[in-house]
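The structure appears right after this line, and notes come after that.
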Amino acid sequence: MSRERPRLVGSLCLLIALFVVSSSLLMLSRSQESNSNHPEPRPREDLLREKRRFERENQRLELELKLARDPSLYAVVDLEALKLNLKMRGVLLREFDIQSAELSSTAFEGSAIWVLEAKKASSNPSRARTQPARAEDRNAANGAGPVVKGDPFEESYFDLADMPSRFALAFEEGLIIWVNSAAGNRVERIKSLRTSIAYRLEAVAFGLWGRLKGKRAVSVFLTLDEDDAKSLFWSLSERSRVLIVFPARAF
Amino acid sequence: MKNEPAQTTDRPAVLGLARSHRSGCSAALALPLLLIFLAFIFLKSLKSEPLLLDVRPRKEAGSIEALKRELARLARKNKKLHGALARAGPRGVYIVIDTAHNRLYLRKGVEMLVEAPCSTGSGRMLEDPAHGRIWLFDTPRGEFKVLAKFENPVWRRPDWAFIEEGEAVPRDEKARLEAGVLGDYALAFASGYFIHGTLYSRLLGKSVTHGCVRLGADALERVFKASKIGTPVFIF
């Protein structure tokens, strides 16, 4: 036993020494390996990100080029940059800032052209009728008497102020853009909140209806400045084409 | 015979010693080796996650060059698409009319040459009580071109102008002509639609016209002089 103990101690020391040496060698090799490998993935990731960005932008440009070839107004709704642009032939006619944008689903990615099917508002503006002047009015105007009929266009006309600032844009293929205008005073804030709740409930119903029919049903909620919302309603007409740039998914 | 047992007794002793020595040696070698192996596995397992990430690019090291080539191709395509989109638009001066805000812009590229209030279509409706014809007083929207330019234009009053005033539509063409109501200049951009001056400058900025675009005298002169036949007119 007395002869074996030093051997055992020696073996243990050797063992520990070997363990320490091997471990430190491995750690060293690992650190060298990691040092040599770390700079590589970063540029690769950057390149991939850049590639992805180019692919998305090129897809958007290709689609916009299709729209720009036609002599009609089109809109570009960029949900990533929060911009809504009205364009014709690639020329920017008007730019709106989207104050907030929400998507009910991530079913769509990249860019896509949608055709506007209908504009829906709680109160659609109606055209005023011009009544032809009566003979007696005309005679009064031509004669010595006072002019009875004034300038008809000063009385009332179809104006931007008549446009709704809260409305829905229904597109083909199961997409609705719900436009709400940013609140100003307290009354407007309450109206905006009420509209927002109503839109969300309608969107849920729209989504359920879409599921029942086995179709995609995606809602986009946009908040715009009141004047911008009215301008958008004014400018877009049924069959207008809208290029929507959906936000990129994480990759 | 004596030697034999001694030999026999020594052998096991030697053998026993040898056996025990060999087993100690092998244990002393095997254990560190085992520990080294375990340490290697342990460290390997520790860095298994980063290794997966690190190894991947190394394995595809060749594809980085391919990725760079792909990027260069995409960048070229991007430049080409931007160029094509720019070419889709007008090259020289163009007119933009915002009917929502009743503003007219004369632009060259992104440069703004003239910005002025204008009057556009009222959106009203007129019905001919005698014949049931209906007119909608909208300014047409879309892309147009300056078709003709007139100095000191004379207005040929259309049927609606008489009906609106409760007058009979004249048969004599001369009875339709009215000078001095369209301002100093007029630019035709569609059949029956003009950019012209106005007597009612106080109504500039409002949607009050029968579809034409009314402009103040100064702005009209600048637009008239800067544009030529074929100048694009974008109305939205």
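Just so we're on the same page: first chain in the structure tokens is A, next is B, and so on; residues restart at 1 for each chain, and ligands are numbered from 1 in the order they show up.
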Counting only C-alpha atoms, which residues of chain A sit at most 6 Å from some atom of chain B, and what is each one's closest atom pair with its distance in Å to one decimal, listed by chain and rising residue number, as JSON lines?
{"residue": "A:Ser11", "atom": "CA", "partner": "B:Ala28", "partner_atom": "CA", "distance": 5.5}
{"residue": "A:Leu15", "atom": "CA", "partner": "B:Pro32", "partner_atom": "CA", "distance": 5.0}
{"residue": "A:Phe19", "atom": "CA", "partner": "B:Ile36", "partner_atom": "CA", "distance": 5.9}
{"residue": "A:Lys51", "atom": "CA", "partner": "B:Leu71", "partner_atom": "CA", "distance": 5.7}
{"residue": "A:Asn58", "atom": "CA", "partner": "B:Asn78", "partner_atom": "CA", "distance": 5.6}
{"residue": "A:Leu65", "atom": "CA", "partner": "B:Leu85", "partner_atom": "CA", "distance": 5.7}
{"residue": "A:Pro71", "atom": "CA", "partner": "B:Glu143", "partner_atom": "CA", "distance": 5.3}
{"residue": "A:Ser72", "atom": "CA", "partner": "B:Gly142", "partner_atom": "CA", "distance": 5.1}
{"residue": "A:Arg89", "atom": "CA", "partner": "B:Gly89", "partner_atom": "CA", "distance": 4.9}
{"residue": "A:Gly90", "atom": "CA", "partner": "B:Gly89", "partner_atom": "CA", "distance": 5.6}
{"residue": "A:Val91", "atom": "CA", "partner": "B:Gly89", "partner_atom": "CA", "distance": 5.9}
{"residue": "A:Arg127", "atom": "CA", "partner": "B:Arg124", "partner_atom": "CA", "distance": 5.6}
{"residue": "A:Ala128", "atom": "CA", "partner": "B:Arg124", "partner_atom": "CA", "distance": 5.0}
{"residue": "A:Arg129", "atom": "CA", "partner": "B:Met125", "partner_atom": "CA", "distance": 4.6}
{"residue": "A:Thr130", "atom": "CA", "partner": "B:Leu126", "partner_atom": "CA", "distance": 5.0}
{"residue": "A:Pro132", "atom": "CA", "partner": "B:Glu164", "partner_atom": "CA", "distance": 4.4}
{"residue": "A:Ala133", "atom": "CA", "partner": "B:Gly166", "partner_atom": "CA", "distance": 4.6}
{"residue": "A:Arg134", "atom": "CA", "partner": "B:Gly166", "partner_atom": "CA", "distance": 5.7}
{"residue": "A:Phe153", "atom": "CA", "partner": "B:Val208", "partner_atom": "CA", "distance": 5.4}
{"residue": "A:Tyr157", "atom": "CA", "partner": "B:Ser122", "partner_atom": "CA", "distance": 5.3}
{"residue": "A:Phe158", "atom": "CA", "partner": "B:Gly123", "partner_atom": "CA", "distance": 5.1}
{"residue": "A:Leu160", "atom": "CA", "partner": "B:Ala100", "partner_atom": "CA", "distance": 5.7}
{"residue": "A:Ser231", "atom": "CA", "partner": "B:Ala100", "partner_atom": "CA", "distance": 6.0}
{"residue": "A:Ser235", "atom": "CA", "partner": "B:Phe236", "partner_atom": "CA", "distance": 6.0}
message = Among segment 9-239 of chain A, which ones does DSSP assign to alpha helix (DSSP H) (computed from the backbone)? Answer as a ChimeraX atom specification.
response = /A:9-37,41-68,135-142,152-155,186-212,226-235
query = Among segment 59-122 of chain A, which residues carry a DSSP assignment of strand (DSSP E), reported as an NGL selection string?
reply = :A and (74-78 or 83-88 or 91-97 or 100-103 or 111-121)
Atoms kept (N, CA, C and O atoms) for selection, written as a short mmCIF file (atom, residue, chain, number, x, y, z; two decimals), in the first residue's frame:
data_model
loop_
_atom_site.label_atom_id
_atom_site.label_comp_id
_atom_site.auth_asym_id
_atom_site.auth_seq_id
_atom_site.Cartn_x
_atom_site.Cartn_y
_atom_site.Cartn_z
N TYR A 74 -52.22 56.62 -59.44
CA TYR A 74 -52.09 55.45 -58.58
C TYR A 74 -51.50 55.88 -57.23
O TYR A 74 -50.92 56.96 -57.12
N ALA A 75 -51.74 55.04 -56.25
CA ALA A 75 -51.24 55.35 -54.91
C ALA A 75 -50.23 54.30 -54.48
O ALA A 75 -50.35 53.13 -54.85
N VAL A 76 -49.24 54.74 -53.75
CA VAL A 76 -48.27 53.80 -53.17
C VAL A 76 -48.40 53.92 -51.65
O VAL A 76 -48.12 54.98 -51.08
N VAL A 77 -48.88 52.85 -51.03
CA VAL A 77 -49.02 52.84 -49.57
C VAL A 77 -47.86 52.04 -49.00
O VAL A 77 -47.82 50.83 -49.13
N ASP A 78 -46.90 52.75 -48.45
CA ASP A 78 -45.72 52.08 -47.90
C ASP A 78 -45.91 51.93 -46.39
O ASP A 78 -45.73 52.88 -45.63
N LYS A 83 -45.60 56.01 -45.42
CA LYS A 83 -45.85 57.08 -46.39
C LYS A 83 -46.94 56.62 -47.34
O LYS A 83 -47.00 55.45 -47.71
N LEU A 84 -47.77 57.57 -47.75
CA LEU A 84 -48.78 57.28 -48.77
C LEU A 84 -48.59 58.32 -49.87
O LEU A 84 -48.73 59.51 -49.62
N ASN A 85 -48.21 57.85 -51.03
CA ASN A 85 -47.92 58.77 -52.13
C ASN A 85 -48.93 58.63 -53.26
O ASN A 85 -49.26 57.51 -53.65
N LEU A 86 -49.39 59.77 -53.76
CA LEU A 86 -50.22 59.76 -54.96
C LEU A 86 -49.29 60.07 -56.12
O LEU A 86 -48.54 61.05 -56.08
N LYS A 87 -49.35 59.22 -57.14
CA LYS A 87 -48.40 59.36 -58.24
C LYS A 87 -49.08 59.18 -59.59
O LYS A 87 -50.15 58.55 -59.68
N MET A 88 -48.43 59.72 -60.58
CA MET A 88 -48.86 59.50 -61.96
C MET A 88 -47.60 59.49 -62.82
O MET A 88 -46.76 60.39 -62.67
N VAL A 91 -44.40 60.26 -61.26
CA VAL A 91 -44.21 61.59 -60.69
C VAL A 91 -44.98 61.67 -59.37
O VAL A 91 -46.16 61.35 -59.32
N LEU A 92 -44.29 62.10 -58.35
CA LEU A 92 -44.95 62.26 -57.04
C LEU A 92 -45.81 63.51 -57.08
O LEU A 92 -45.32 64.63 -57.24
N LEU A 93 -47.12 63.30 -56.92
CA LEU A 93 -48.04 64.43 -56.95
C LEU A 93 -48.33 64.94 -55.54
O LEU A 93 -48.44 66.13 -55.30
N ARG A 94 -48.49 64.00 -54.64
CA ARG A 94 -48.76 64.40 -53.25
C ARG A 94 -48.31 63.30 -52.31
O ARG A 94 -48.46 62.12 -52.60
N GLU A 95 -47.73 63.73 -51.21
CA GLU A 95 -47.23 62.76 -50.22
C GLU A 95 -47.96 62.95 -48.89
O GLU A 95 -48.08 64.08 -48.41
N PHE A 96 -48.46 61.87 -48.34
CA PHE A 96 -49.12 61.93 -47.04
C PHE A 96 -48.27 61.15 -46.03
O PHE A 96 -47.73 60.10 -46.36
N ASP A 97 -48.23 61.67 -44.82
CA ASP A 97 -47.58 60.93 -43.73
C ASP A 97 -48.63 60.05 -43.07
O ASP A 97 -49.69 60.54 -42.69
N SER A 100 -50.18 56.31 -38.17
CA SER A 100 -50.00 54.97 -37.61
C SER A 100 -50.59 53.95 -38.56
O SER A 100 -51.53 54.26 -39.31
N ALA A 101 -50.03 52.77 -38.55
CA ALA A 101 -50.52 51.69 -39.42
C ALA A 101 -50.49 50.38 -38.66
O ALA A 101 -49.54 50.10 -37.94
N GLU A 102 -51.57 49.64 -38.78
CA GLU A 102 -51.63 48.32 -38.14
C GLU A 102 -52.17 47.31 -39.14
O GLU A 102 -53.01 47.66 -39.98
N LEU A 103 -51.71 46.10 -39.01
CA LEU A 103 -52.16 45.02 -39.90
C LEU A 103 -52.83 43.93 -39.07
O LEU A 103 -52.34 43.58 -38.00
N SER A 111 -44.53 43.47 -51.93
CA SER A 111 -45.40 44.48 -52.52
C SER A 111 -46.42 43.81 -53.42
O SER A 111 -46.16 42.76 -53.99
N ALA A 112 -47.56 44.46 -53.55
CA ALA A 112 -48.60 43.92 -54.43
C ALA A 112 -49.51 45.05 -54.89
O ALA A 112 -49.67 46.04 -54.19
N ILE A 113 -50.06 44.88 -56.10
CA ILE A 113 -50.99 45.89 -56.63
C ILE A 113 -52.41 45.43 -56.34
O ILE A 113 -52.76 44.27 -56.57
N TRP A 114 -53.22 46.34 -55.85
CA TRP A 114 -54.60 46.05 -55.53
C TRP A 114 -55.48 47.03 -56.29
O TRP A 114 -55.11 48.19 -56.47
N VAL A 115 -56.62 46.55 -56.68
CA VAL A 115 -57.57 47.41 -57.39
C VAL A 115 -58.69 47.80 -56.43
O VAL A 115 -59.30 46.93 -55.81
N LEU A 116 -58.91 49.10 -56.33
CA LEU A 116 -59.93 49.59 -55.40
C LEU A 116 -61.32 49.25 -55.92
O LEU A 116 -61.67 49.59 -57.05
N GLU A 117 -62.06 48.57 -55.08
CA GLU A 117 -63.40 48.14 -55.48
C GLU A 117 -64.46 49.15 -55.05
O GLU A 117 -65.37 49.46 -55.82
N ALA A 118 -64.33 49.63 -53.83
CA ALA A 118 -65.34 50.58 -53.34
C ALA A 118 -64.79 51.43 -52.21
O ALA A 118 -63.90 51.00 -51.47
N LYS A 119 -65.32 52.65 -52.14
CA LYS A 119 -65.01 53.54 -51.02
C LYS A 119 -66.26 53.56 -50.15
O LYS A 119 -67.35 53.85 -50.65
N LYS A 120 -66.10 53.23 -48.89
CA LYS A 120 -67.28 53.16 -48.01
C LYS A 120 -67.12 54.15 -46.87
O LYS A 120 -66.14 54.10 -46.13
N ALA A 121 -68.10 55.02 -46.75
CA ALA A 121 -68.11 55.97 -45.64
C ALA A 121 -69.51 56.01 -45.06
O ALA A 121 -70.49 55.66 -45.73
#
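The interatomic distance for the pair atom CA of Pro117 of chain B and atom CA of Ile95 of chain B works out to 13.1 Å.
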inquiry  = So the first atom is atom CA of Gly192 of chain B and the second is atom CA of Leu104 of chain B; what is the distance between them in Å, to one decimal place?
reply    = 19.0 Å
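Minimum atom-to-atom distance to Pro140 of chain B, evaluated using only C-alpha atoms, belongs to A:Leu73 out of A:Leu61, A:Leu73, A:Ser105, A:Ala17.
Reported to one decimal place, the separation of atom CA of Ser122 of chain A from atom CA of Ala107 of chain A is 28.2 Å.
When only C-alpha atoms are used to measure the gap to Arg91 of chain B, the shortest distance among B:Arg133, B:Phe189, B:Pro232, B:Asp218 belongs to B:Pro232.
Distances here use only C-alpha atoms; by that measure, the residue among A:Leu175, A:Leu14, A:Val245, A:Ile98 closest to Arg216 of chain A is A:Leu175.
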